>>> print(open('model04.txt').read())   # compact mmCIF, C-alpha atoms
# COMPACT_ATOMS: atom_id res chain seq x y z
CA MET F 1250 120.21 70.09 106.96
CA ALA F 1251 117.16 70.01 109.22
CA ASN F 1252 119.54 69.34 112.08
CA ASN F 1253 121.00 72.80 111.46
CA PHE F 1254 117.69 74.44 112.41
CA SER F 1255 115.95 74.54 115.78
CA GLN F 1256 112.73 72.70 116.51
CA GLU F 1257 110.97 76.05 116.84
CA CYS F 1258 112.12 77.02 113.35
CA LEU F 1259 110.84 73.77 111.83
CA GLU F 1260 107.51 74.15 113.64
CA ILE F 1261 107.06 77.68 112.28
CA LEU F 1262 107.93 76.52 108.75
CA ASN F 1263 105.28 73.83 109.04
CA LEU F 1264 102.71 76.38 110.28
CA LEU F 1265 103.56 78.66 107.38
CA LYS F 1266 103.15 75.78 104.97
CA THR F 1267 99.68 74.89 106.27
CA ARG F 1268 98.29 78.22 107.53
CA ARG F 1269 100.21 80.79 105.42
CA ASN F 1270 100.23 83.42 108.22
CA VAL F 1271 102.05 82.99 111.55
CA LEU F 1272 102.18 85.49 114.42
CA LEU F 1273 105.20 85.06 116.70
CA SER F 1274 104.82 86.58 120.16
CA GLY F 1275 106.48 86.50 123.55
CA PRO F 1276 108.12 88.63 126.22
CA PRO F 1277 111.28 90.58 125.35
CA GLY F 1278 114.43 88.50 125.39
CA THR F 1279 112.79 85.19 124.39
CA GLY F 1280 114.50 85.03 120.99
CA LYS F 1281 111.91 86.39 118.54
CA SER F 1282 114.43 88.30 116.42
CA ARG F 1283 116.80 85.33 116.33
CA LEU F 1284 113.97 83.05 115.28
CA LEU F 1285 112.85 85.42 112.51
CA GLY F 1286 116.36 85.30 111.07
CA GLU F 1287 116.55 81.53 111.38
CA VAL F 1288 113.21 80.99 109.62
CA ALA F 1289 114.31 83.35 106.83
CA GLN F 1290 117.51 81.34 106.39
CA ALA F 1291 115.62 78.04 106.38
CA PHE F 1292 113.10 79.38 103.86
CA MET F 1293 115.99 80.12 101.51
CA THR F 1294 117.62 76.72 102.08
CA ASN F 1295 116.66 74.19 99.42
CA PRO F 1296 116.05 70.75 100.97
CA VAL F 1297 117.48 69.27 97.75
CA ILE F 1298 121.19 69.91 97.43
CA VAL F 1299 122.08 71.00 93.89
CA ALA F 1300 125.67 70.20 92.87
CA PRO F 1301 127.58 70.66 89.57
CA ALA F 1302 127.79 67.46 87.55
CA ALA F 1303 131.34 66.08 87.28
CA SER F 1304 130.57 65.12 83.68
CA PRO F 1305 127.51 65.12 81.45
CA VAL F 1306 125.02 62.72 82.96
CA HIS F 1307 121.44 61.76 82.25
CA ASP F 1308 119.13 62.66 85.12
CA PRO F 1309 115.61 61.29 84.57
CA ARG F 1310 114.26 63.51 87.37
CA SER F 1311 115.30 66.70 85.63
CA GLN F 1312 113.30 68.65 83.06
CA ILE F 1313 116.53 68.80 81.06
CA ALA F 1314 117.75 65.40 79.90
CA ILE F 1315 121.41 66.14 80.50
CA PRO F 1316 121.50 68.99 83.05
CA ARG F 1317 124.51 71.09 83.97
CA GLU F 1318 123.67 70.40 87.61
CA ILE F 1319 122.29 67.37 89.39
CA GLU F 1320 120.05 67.19 92.42
CA SER F 1321 120.99 64.93 95.27
CA GLU F 1322 120.83 64.42 99.04
CA VAL F 1323 117.16 65.20 99.63
CA ASP F 1324 116.65 66.32 103.22
CA THR F 1325 113.27 64.71 103.84
CA ALA F 1326 112.92 66.21 107.34
CA LEU F 1327 113.23 69.76 106.03
CA GLN F 1328 111.34 69.05 102.84
CA SER F 1329 108.32 67.82 104.80
CA VAL F 1330 107.87 71.23 106.46
CA TRP F 1331 109.36 73.47 103.75
CA PRO F 1332 106.80 75.85 102.18
CA SER F 1333 106.37 75.50 98.40
CA PRO F 1334 108.91 72.67 98.00
CA GLN F 1335 108.30 72.40 94.25
CA ARG F 1336 109.20 76.04 93.61
CA THR F 1337 112.83 76.94 92.97
CA HIS F 1338 112.92 80.71 93.52
CA HIS F 1339 112.31 81.44 97.21
CA LYS F 1340 112.73 85.05 98.31
CA VAL F 1341 112.45 86.86 101.65
CA PHE F 1342 110.97 90.35 102.05
CA ARG F 1343 111.26 92.31 105.30
CA THR F 1344 109.57 95.27 106.90
CA ALA F 1345 108.88 96.66 110.37
CA PHE F 1346 105.82 98.57 111.48
CA HIS F 1347 105.92 101.83 113.42
CA GLN F 1348 103.43 104.47 114.50
CA ASN F 1349 103.59 106.25 111.12
CA SER F 1350 103.30 103.17 108.89
CA LYS F 1351 100.78 103.63 106.08
CA ASN F 1352 98.79 101.34 103.81
CA ARG F 1353 100.38 102.96 100.76
CA GLU F 1354 103.83 101.94 102.03
CA PHE F 1355 102.70 98.34 102.55
CA VAL F 1356 100.50 97.68 99.51
CA THR F 1357 100.40 100.45 96.88
CA GLY F 1358 99.60 104.14 97.01
CA ILE F 1359 100.20 107.62 95.69
CA MET F 1360 103.16 109.67 96.90
CA PRO F 1361 104.59 113.03 95.75
CA LEU F 1362 107.53 112.97 93.38
CA THR F 1363 110.87 113.44 95.14
CA ASN F 1364 112.87 114.89 92.23
CA GLY F 1365 111.66 118.43 92.76
CA GLN F 1366 109.07 118.15 90.00
CA PRO F 1367 105.36 118.63 90.68
CA GLY F 1368 103.20 115.56 90.50
CA PHE F 1369 102.71 112.16 92.06
CA LYS F 1370 103.74 108.58 91.51
CA VAL F 1371 102.35 105.18 92.46
CA VAL F 1372 104.65 103.32 94.87
CA THR F 1373 104.62 99.65 95.78
CA GLY F 1374 105.08 98.28 99.29
CA SER F 1375 106.49 95.08 100.74
CA LEU F 1376 103.20 93.14 100.63
CA TYR F 1377 102.69 93.94 96.95
CA LYS F 1378 106.30 93.08 96.05
CA ALA F 1379 106.19 89.81 97.97
CA SER F 1380 102.83 88.98 96.38
CA GLU F 1381 104.05 89.64 92.86
CA HIS F 1382 107.09 87.43 93.40
CA GLY F 1383 104.83 84.67 94.75
CA LYS F 1384 102.81 84.85 91.52
CA LEU F 1385 105.81 83.90 89.38
CA SER F 1386 105.70 80.38 88.01
CA ASP F 1387 108.65 79.33 90.20
CA GLY F 1388 108.31 81.99 92.93
CA ALA F 1389 107.62 81.66 96.64
CA SER F 1390 107.73 84.61 99.04
CA LEU F 1391 108.20 84.98 102.77
CA LEU F 1392 107.19 88.41 104.09
CA ILE F 1393 108.59 89.09 107.58
CA ILE F 1394 106.93 91.87 109.57
CA ASP F 1395 108.71 92.82 112.77
CA GLU F 1396 107.02 94.86 115.52
CA ILE F 1397 103.64 94.38 113.87
CA ASN F 1398 101.76 95.83 116.86
CA ARG F 1399 103.88 99.00 116.92
CA GLY F 1400 101.99 100.37 113.96
CA PRO F 1401 98.29 100.65 113.21
CA ALA F 1402 98.28 97.13 111.75
CA VAL F 1403 94.61 97.04 110.77
CA GLN F 1404 94.91 100.32 108.83
CA VAL F 1405 98.22 99.28 107.26
CA PHE F 1406 96.78 96.00 105.94
CA GLY F 1407 93.59 97.74 104.84
CA GLY F 1408 91.46 95.62 102.53
CA SER F 1409 94.05 92.85 102.45
CA ILE F 1410 93.08 91.73 105.99
CA VAL F 1411 90.52 89.23 104.74
CA ALA F 1412 92.52 88.35 101.63
CA ILE F 1413 95.52 87.05 103.62
CA GLU F 1414 93.57 84.01 104.84
CA ALA F 1415 94.86 80.77 103.30
CA GLU F 1416 91.51 79.64 101.92
CA LYS F 1417 90.88 83.06 100.33
CA ARG F 1418 94.04 83.14 98.22
CA LEU F 1419 94.32 82.53 94.48
CA ALA F 1420 94.75 78.98 93.20
CA ASP F 1421 98.19 77.50 92.59
CA ASP F 1422 98.14 78.77 89.00
CA ASN F 1423 96.95 82.24 90.13
CA SER F 1424 93.42 81.64 88.84
CA VAL F 1425 90.49 82.97 90.85
CA ARG F 1426 88.67 80.37 92.93
CA THR F 1427 85.11 80.63 94.23
CA GLN F 1428 86.33 81.57 97.72
CA THR F 1429 89.11 83.94 96.57
CA GLN F 1430 88.84 87.33 98.28
CA SER F 1431 89.93 90.38 96.30
CA PHE F 1432 90.54 93.92 97.52
CA GLU F 1433 91.09 97.24 95.81
CA ILE F 1434 94.53 98.69 95.14
CA ILE F 1435 96.02 101.33 92.89
CA ASP F 1436 97.57 99.60 89.90
CA PRO F 1437 101.26 100.65 89.77
CA VAL F 1438 101.20 100.47 85.94
CA SER F 1439 97.97 102.22 84.98
CA GLY F 1440 97.20 104.15 88.16
CA ASP F 1441 93.65 102.79 88.07
CA ILE F 1442 91.80 101.20 90.96
CA ILE F 1443 91.82 97.43 90.35
CA GLU F 1444 90.77 94.24 92.11
CA TYR F 1445 93.74 92.36 93.53
CA ALA F 1446 94.14 88.99 95.27
CA LEU F 1447 97.05 87.32 97.01
CA PRO F 1448 98.80 84.19 95.69
CA GLU F 1449 98.99 80.71 97.18
CA HIS F 1450 102.76 80.92 97.53
CA LEU F 1451 102.94 84.01 99.73
CA TYR F 1452 103.78 83.38 103.39
CA ILE F 1453 103.65 86.03 106.13
CA LEU F 1454 105.55 85.76 109.42
CA ALA F 1455 104.98 88.58 111.90
CA ALA F 1456 106.40 89.20 115.38
CA MET F 1457 105.20 91.29 118.28
CA ASN F 1458 105.98 92.01 121.90
CA GLN F 1459 102.71 91.99 123.84
CA ALA F 1460 104.28 93.71 126.84
CA ASP F 1461 105.03 96.88 124.88
CA ALA F 1462 103.02 99.47 126.79
CA SER F 1463 103.44 102.09 124.05
CA VAL F 1464 101.10 100.31 121.63
CA GLU F 1465 97.48 99.19 121.61
CA PRO F 1466 96.37 95.53 121.44
CA LEU F 1467 95.70 94.13 117.97
CA ASP F 1468 92.14 93.78 116.79
CA VAL F 1469 90.63 90.36 117.62
CA ALA F 1470 89.28 89.93 114.09
CA PHE F 1471 92.77 90.63 112.78
CA LEU F 1472 94.36 88.10 115.14
CA ARG F 1473 91.96 85.36 113.99
CA ARG F 1474 93.70 85.29 110.64
CA TRP F 1475 97.05 84.21 112.10
CA ALA F 1476 98.36 80.94 113.47
CA PRO F 1477 99.82 81.89 116.88
CA TYR F 1478 103.27 80.79 118.01
CA ARG F 1479 104.37 81.92 121.46
CA LEU F 1480 107.83 81.96 123.01
CA VAL F 1481 108.28 81.94 126.80
CA PRO F 1482 111.23 82.45 129.17
CA ASP F 1483 113.03 79.11 129.45
CA SER F 1484 115.50 78.45 132.27
CA ASP F 1485 116.35 75.02 130.81
CA ILE F 1486 118.05 76.78 127.89
CA LEU F 1487 120.25 78.69 130.35
CA ARG F 1488 121.11 75.67 132.47
CA THR F 1489 122.11 73.74 129.37
CA TYR F 1490 124.12 76.66 128.01
CA TYR F 1491 126.03 77.18 131.27
CA SER F 1492 126.09 73.44 132.20
CA VAL F 1493 124.43 74.28 135.51
CA THR F 1494 122.33 71.31 136.60
CA THR F 1495 122.02 71.62 140.39
CA SER F 1496 121.34 74.39 142.91
CA VAL F 1497 123.09 74.76 146.27
CA ASN F 1498 120.68 75.08 149.22
CA PRO F 1499 120.85 76.92 151.47
CA ILE F 1500 122.63 79.58 149.42
CA PRO F 1501 126.13 80.21 150.82
CA THR F 1502 126.76 83.66 152.26
CA THR F 1503 129.81 84.00 150.00
CA PRO F 1504 130.32 82.73 146.42
CA MET F 1505 131.49 79.11 146.33
CA GLY F 1506 132.24 78.76 142.62
CA THR F 1507 131.56 80.06 139.12
CA LYS F 1508 128.58 77.80 138.43
CA GLN F 1509 127.07 78.53 141.83
CA VAL F 1510 127.12 82.27 141.05
CA ILE F 1511 125.52 81.66 137.64
CA ASP F 1512 122.89 79.42 139.22
CA LEU F 1513 122.10 82.18 141.71
CA GLY F 1514 121.62 84.67 138.86
CA ILE F 1515 119.26 82.29 137.06
CA ARG F 1516 117.25 81.72 140.25
CA ALA F 1517 116.97 85.46 140.91
CA TRP F 1518 115.74 85.99 137.34
CA GLU F 1519 113.19 83.18 137.81
CA GLU F 1520 111.93 84.73 141.07
CA ILE F 1521 111.54 88.17 139.53
CA ASN F 1522 109.63 86.70 136.58
CA LYS F 1523 107.38 84.82 139.00
CA ARG F 1524 106.49 88.06 140.79
CA ILE F 1525 106.00 89.91 137.49
CA ARG F 1526 103.54 87.20 136.39
CA LEU F 1527 101.55 87.74 139.57
CA GLY F 1528 101.76 91.52 139.54
CA ARG F 1529 101.34 92.35 135.85
CA GLY F 1530 100.90 89.18 133.79
CA PRO F 1531 103.06 86.63 131.96
CA GLU F 1532 103.56 88.81 128.89
CA PHE F 1533 105.55 91.29 131.02
CA GLN F 1534 108.27 88.82 131.96
CA LEU F 1535 111.86 89.15 130.76
CA GLY F 1536 113.28 86.42 128.57
CA HIS F 1537 116.38 84.27 128.95
CA GLY F 1538 118.11 86.23 126.19
CA ILE F 1539 119.54 88.69 128.73
CA PHE F 1540 121.94 85.94 129.80
CA LEU F 1541 123.00 85.07 126.27
CA SER F 1542 124.30 88.45 125.13
CA SER F 1543 127.80 87.73 126.46
CA SER F 1544 130.27 86.31 123.97
CA ALA F 1545 131.94 83.97 126.46
CA ILE F 1546 130.97 81.84 129.44
CA PRO F 1547 132.63 83.05 132.70
CA ASN F 1548 135.63 81.01 133.80
CA SER F 1549 136.05 82.43 137.31
CA ILE F 1550 133.97 83.74 140.20
CA ASP F 1551 134.96 87.33 139.43
CA GLU F 1552 133.99 86.95 135.77
CA ALA F 1553 130.65 85.45 136.82
CA LEU F 1554 130.01 88.30 139.26
CA ILE F 1555 130.82 90.88 136.59
CA GLU F 1556 128.35 89.20 134.23
CA MET F 1557 125.70 89.16 136.95
CA VAL F 1558 126.19 92.90 137.49
CA GLN F 1559 125.32 93.45 133.82
CA ILE F 1560 122.34 91.11 133.98
CA TRP F 1561 121.06 92.76 137.16
CA ALA F 1562 121.17 96.15 135.43
CA MET F 1563 118.85 94.79 132.72
CA LEU F 1564 116.60 93.09 135.27
CA ARG F 1565 116.26 96.20 137.41
CA THR F 1566 115.60 98.43 134.40
CA HIS F 1567 112.89 96.06 133.24
CA VAL F 1568 111.27 95.92 136.68
CA ASP F 1569 111.31 99.72 136.92
CA GLU F 1570 109.60 99.97 133.52
CA VAL F 1571 107.00 97.26 134.19
CA PHE F 1572 106.02 98.77 137.56
CA PHE F 1573 106.56 102.40 136.59
CA GLY F 1574 104.94 104.66 139.18
CA ASP F 1575 104.30 101.73 141.53
CA LEU F 1576 107.08 101.71 144.13
CA ARG F 1577 105.48 98.88 146.08
CA GLY F 1578 105.35 96.82 142.91
CA ILE F 1579 109.05 97.42 142.30
CA ALA F 1580 109.88 96.54 145.89
CA SER F 1581 107.79 93.36 145.74
CA ALA F 1582 109.38 92.28 142.45
CA ILE F 1583 112.89 92.39 143.92
CA ASN F 1584 111.68 90.85 147.21
CA VAL F 1585 112.12 93.87 149.48
CA ILE F 1586 108.65 93.47 150.99
CA GLY F 1587 108.78 90.35 153.12
CA GLY F 1588 112.35 89.62 152.10
CA PRO F 1589 115.34 88.80 154.33
CA ALA F 1590 116.55 91.31 156.89
CA TYR F 1591 119.93 91.64 155.19
CA HIS F 1592 118.33 92.81 151.91
CA PRO F 1593 120.47 95.69 150.53
CA TYR F 1594 117.31 97.59 149.55
CA LYS F 1595 114.73 98.94 151.99
CA LEU F 1596 111.29 100.47 151.48
CA VAL F 1597 111.24 103.51 153.76
CA GLU F 1598 108.08 105.38 154.73
CA SER F 1599 108.33 109.12 155.35
CA THR F 1600 106.28 112.28 154.90
CA PHE F 1601 106.46 115.30 152.66
CA ALA F 1602 104.24 118.30 153.38
CA ASP F 1603 102.34 116.09 155.79
CA ASP F 1604 101.62 113.57 153.03
CA PRO F 1605 102.92 109.97 153.35
CA ARG F 1606 105.72 109.04 150.98
CA LEU F 1607 107.60 105.86 150.12
CA GLU F 1608 111.22 105.68 149.10
CA LEU F 1609 113.24 102.68 147.94
CA VAL F 1610 116.72 103.12 149.32
CA GLY F 1611 119.78 100.98 148.70
CA PRO F 1612 122.76 100.65 146.35
CA THR F 1613 122.61 103.18 143.54
CA VAL F 1614 124.40 100.77 141.26
CA ALA F 1615 125.36 97.13 141.57
CA ASN F 1616 129.02 96.15 141.50
CA ILE F 1617 131.18 93.10 141.99
CA GLY F 1618 131.18 93.71 145.74
CA ASN F 1619 127.41 93.80 146.34
CA ILE F 1620 125.82 91.88 143.48
CA TYR F 1621 126.01 88.50 145.22
CA ASN F 1622 124.03 89.70 148.25
CA ILE F 1623 121.50 91.47 146.02
CA LEU F 1624 120.79 88.26 144.08
CA ARG F 1625 120.71 86.17 147.26
CA ALA F 1626 118.18 88.56 148.82
CA VAL F 1627 116.02 88.47 145.66
CA VAL F 1628 115.90 84.68 145.88
CA GLY F 1629 115.04 85.04 149.56
CA GLN F 1630 117.63 82.91 151.35
>>> encode(input="model04.txt", output="structure tokens")
Amino acid sequence: MANNFSQECLEILNLLKTRRNVLLSGPPGTGKSRLLGEVAQAFMTNPVIVAPAASPVHDPRSQIAIPREIESEVDTALQSVWPSPQRTHHKVFRTAFHQNSKNREFVTGIMPLTNGQPGFKVVTGSLYKASEHGKLSDGASLLIIDEINRGPAVQVFGGSIVAIEAEKRLADDNSVRTQTQSFEIIDPVSGDIIEYALPEHLYILAAMNQADASVEPLDVAFLRRWAPYRLVPDSDILRTYYSVTTSVNPIPTTPMGTKQVIDLGIRAWEEINKRIRLGRGPEFQLGHGIFLSSSAIPNSIDEALIEMVQIWAMLRTHVDEVFFGDLRGIASAINVIGGPAYHPYKLVESTFADDPRLELVGPTVANIGNIYNILRAVVGQ
């Protein structure tokens, strides 16, 4: 079964097993959402295949002498990295942070009644629910938090920030250890303020996009409590996917084949990412996922050009966002400044009310007729 999961997935499972909290980060389009789903699936996949017994049979490994089901085919590769392998009831909890996320929605808190009656009720959030499941004798919980840096993460976690650390959890049997860190919550049953601690078998996997300019960086003290796992743009994935192994140099003035067009698109994407790294930083790059949204690999030059038109639209939109308000930055990213003379885009200097102005002129939209020259100019040949 381990062969059904990517190496990245197995590495994250192993980090969860040893560190309890993992923070997945990377530029947009590097596969964070896909990986979150894959880890969730793997967490729910028992490394020991349980099959119905053909007839009553004695299984000395089972707690029941003659079980209705027998365990077989232990996947040792998956079992070695699988969190809480001795627990039978794994469950995944999901949430996503946003600007209005509150501690009461994540742990516990008081909210007004919604049935039209006056009064309040104590509600439980995803962390509390995942924690309670992890405290069951056979329970293990994976809490997935997407877009963790879109909300006020420190405020949302509240007192649980210190308690999430692996060494500050409860013991395996939920007893309090010397180093266990408790925090105050509102008890959903009594409504009283009580001391609460997190269980050994609670795992938290969070994801964030560091390039998101609409949010503030996470607190350093908060980040210390997570094992980092970073994804980066990977052209090897694309070249394997499209079976493109070589590049044609110099680039022909007209398309010479389907794979040559795809290779040109990959090279243009690589060049733009290189300039973004220099101009803004590596976290502002655009991932390889923009190439993988199509359901089929192009089988002709025209199909490849059509796909490159769509990819260019995403590339250009990303560049415009990354260098918003910086026309020179945009021009540099797509190789207008210092690029070849035939570049379809030009940076034109003019004046308005005696003040100097810059304007980036060129094709309003890319199409099958001009996309090849746009990509070739971006690469710079």
>>> residues_around(input="model04.txt", residues="stretch 1595-1610 of chain F", least_positions_apart="4", cutoff="8 Å", atoms="only C-alpha atoms", output="number ranges by chain")
F: 1576, 1580, 1585-1586
>>> write_last_selection(input="model04.txt", atoms="C-alpha atoms", output="short mmCIF file (atom, residue, chain, number, x, y, z; two decimals), keeping the file's coordinate frame")
data_model
loop_
_atom_site.label_atom_id
_atom_site.label_comp_id
_atom_site.auth_asym_id
_atom_site.auth_seq_id
_atom_site.Cartn_x
_atom_site.Cartn_y
_atom_site.Cartn_z
CA LEU F 1576 107.08 101.71 144.13
CA ALA F 1580 109.88 96.54 145.89
CA VAL F 1585 112.12 93.87 149.48
CA ILE F 1586 108.65 93.47 150.99
#
>>> atom_distance(input="model04.txt", atom1="atom CA of F:Lys1281", atom2="atom CA of F:Arg1524")
23.0 Å
>>> closest_residue(input="model04.txt", among="F:Gly1618, F:Gly1578, F:Gly1286, F:Pro1482", to="F:Gly1536", atoms="all atoms listed in the file")
F:Pro1482
>>> residues_near_point(input="model04.txt", point="(116.7, 82.4, 140.5)", cutoff="10 Å", atoms="all atoms listed in the file", output="number ranges by chain")
F: 1484, 1496, 1511-1523, 1624-1625, 1627-1629
>>> closest_residue(input="model04.txt", among="F:Leu1265, F:Asp1436, F:Val1288, F:Leu1391", to="F:Glu1414", atoms="only C-alpha atoms")
F:Leu1265
>>> residues_near_point(input="model04.txt", point="(115.1, 81.9, 114.8)", cutoff="10 Å", atoms="only C-alpha atoms", output="ChimeraX atom specification")
/F:1254-1259,1261,1280-1291
>>> atom_distance(input="model04.txt", atom1="atom CA of F:Asp1551", atom2="atom CA of F:Thr1503")
12.2 Å
>>> residues_around(input="model04.txt", residues="F:Asp1387", least_positions_apart="3", cutoff="7 Å", atoms="only C-alpha atoms", output="CSV table (one decimal) with C-alpha atoms, in the frame of the given file")
chain,number,residue,atom,x,y,z
F,1336,ARG,CA,109.2,76.0,93.6
F,1337,THR,CA,112.8,76.9,93.0
F,1338,HIS,CA,112.9,80.7,93.5
>>> closest_residue(input="model04.txt", among="F:Trp1561, F:Tyr1491, F:Phe1533, F:Tyr1445", to="F:Ala1545", atoms="all atoms listed in the file")
F:Tyr1491
>>> closest_residue(input="model04.txt", among="F:Ile1525, F:Gly1368, F:Ala1402, F:His1382", to="F:Asn1349", atoms="all atoms listed in the file")
F:Ala1402
>>> residues_around(input="model04.txt", residues="stretch 1404-1411 of chain F", least_positions_apart="2", cutoff="6 Å", atoms="all atoms listed in the file", output="JSON, numbers by chain")
{"F": [1351, 1352, 1401, 1402, 1413, 1432]}
>>> atom_distance(input="model04.txt", atom1="atom CA of F:Lys1384", atom2="atom CA of F:Pro1448")
5.8 Å
>>> closest_residue(input="model04.txt", among="F:Ile1583, F:Arg1565, F:His1537, F:Thr1502", to="F:Asn1622", atoms="all atoms listed in the file")
F:Thr1502
>>> closest_residue(input="model04.txt", among="F:Thr1357, F:Asn1295, F:Thr1279, F:Asn1498", to="F:Gly1374", atoms="all atoms listed in the file")
F:Thr1357
>>> closest_atom_pairs(input="model04.txt", of="stretch 1459-1571 of chain F", to="stretch 1268-1275 of chain F", cutoff="9 Å", atoms="only C-alpha atoms", output="CSV")
residue,atom,partner,partner_atom,distance
F:Gln1459,CA,F:Gly1275,CA,6.7
F:Ala1460,CA,F:Gly1275,CA,8.2
F:Leu1472,CA,F:Leu1272,CA,8.3
F:Arg1474,CA,F:Asn1270,CA,7.2
F:Trp1475,CA,F:Asn1270,CA,5.1
F:Ala1476,CA,F:Val1271,CA,4.6
F:Pro1477,CA,F:Leu1272,CA,5.0
F:Tyr1478,CA,F:Leu1273,CA,4.9
F:Arg1479,CA,F:Ser1274,CA,4.9
F:Leu1480,CA,F:Gly1275,CA,4.8
F:Val1481,CA,F:Gly1275,CA,5.9
F:Pro1482,CA,F:Gly1275,CA,8.4
F:Glu1532,CA,F:Gly1275,CA,6.5
F:Phe1533,CA,F:Gly1275,CA,8.9
F:Gln1534,CA,F:Gly1275,CA,8.9
F:Gly1536,CA,F:Gly1275,CA,8.5
>>> axis_aligned_box(input="model04.txt", around="stretch 1264-1274 of chain F", padding_each_side="3 Å", output="JSON")
{"center_x": 101.7, "center_y": 80.7, "center_z": 112.6, "size_x": 12.9, "size_y": 17.7, "size_z": 21.2}
>>> residues_around(input="model04.txt", residues="stretch 1328-1333 of chain F", least_positions_apart="5", cutoff="8 Å", atoms="only C-alpha atoms", output="list in words")
Leu1259, Glu1260, Leu1262, Asn1263, Leu1265, Lys1266, Phe1292, Pro1296, Val1297, Val1323, Ala1389 and His1450 of chain F
>>> write_last_selection(input="model04.txt", atoms="C-alpha atoms", output="PDB file, in the frame of the given file")
ATOM      1  CA  LEU F1259     110.840  73.770 111.830  1.00  0.00           C
ATOM      2  CA  GLU F1260     107.510  74.150 113.640  1.00  0.00           C
ATOM      3  CA  LEU F1262     107.930  76.520 108.750  1.00  0.00           C
ATOM      4  CA  ASN F1263     105.280  73.830 109.040  1.00  0.00           C
ATOM      5  CA  LEU F1265     103.560  78.660 107.380  1.00  0.00           C
ATOM      6  CA  LYS F1266     103.150  75.780 104.970  1.00  0.00           C
ATOM      7  CA  PHE F1292     113.100  79.380 103.860  1.00  0.00           C
ATOM      8  CA  PRO F1296     116.050  70.750 100.970  1.00  0.00           C
ATOM      9  CA  VAL F1297     117.480  69.270  97.750  1.00  0.00           C
ATOM     10  CA  VAL F1323     117.160  65.200  99.630  1.00  0.00           C
ATOM     11  CA  ALA F1389     107.620  81.660  96.640  1.00  0.00           C
ATOM     12  CA  HIS F1450     102.760  80.920  97.530  1.00  0.00           C
TER      13      HIS F1450
END
>>> residues_around(input="model04.txt", residues="F:Glu1416", least_positions_apart="2", cutoff="9 Å", atoms="only C-alpha atoms", output="list of chain:residue names")
F:Arg1268, F:Ala1412, F:Ile1413, F:Glu1414, F:Arg1418, F:Leu1419, F:Gln1428, F:Thr1429, F:Gln1430, F:Glu1449
>>> write_last_selection(input="model04.txt", atoms="C-alpha atoms", output="mmCIF file, in the frame of the given file")
data_model
loop_
_atom_site.group_PDB
_atom_site.id
_atom_site.type_symbol
_atom_site.label_atom_id
_atom_site.label_comp_id
_atom_site.auth_asym_id
_atom_site.auth_seq_id
_atom_site.Cartn_x
_atom_site.Cartn_y
_atom_site.Cartn_z
ATOM 1 C CA ARG F 1268 98.290 78.220 107.530
ATOM 2 C CA ALA F 1412 92.520 88.350 101.630
ATOM 3 C CA ILE F 1413 95.520 87.050 103.620
ATOM 4 C CA GLU F 1414 93.570 84.010 104.840
ATOM 5 C CA ARG F 1418 94.040 83.140 98.220
ATOM 6 C CA LEU F 1419 94.320 82.530 94.480
ATOM 7 C CA GLN F 1428 86.330 81.570 97.720
ATOM 8 C CA THR F 1429 89.110 83.940 96.570
ATOM 9 C CA GLN F 1430 88.840 87.330 98.280
ATOM 10 C CA GLU F 1449 98.990 80.710 97.180
#
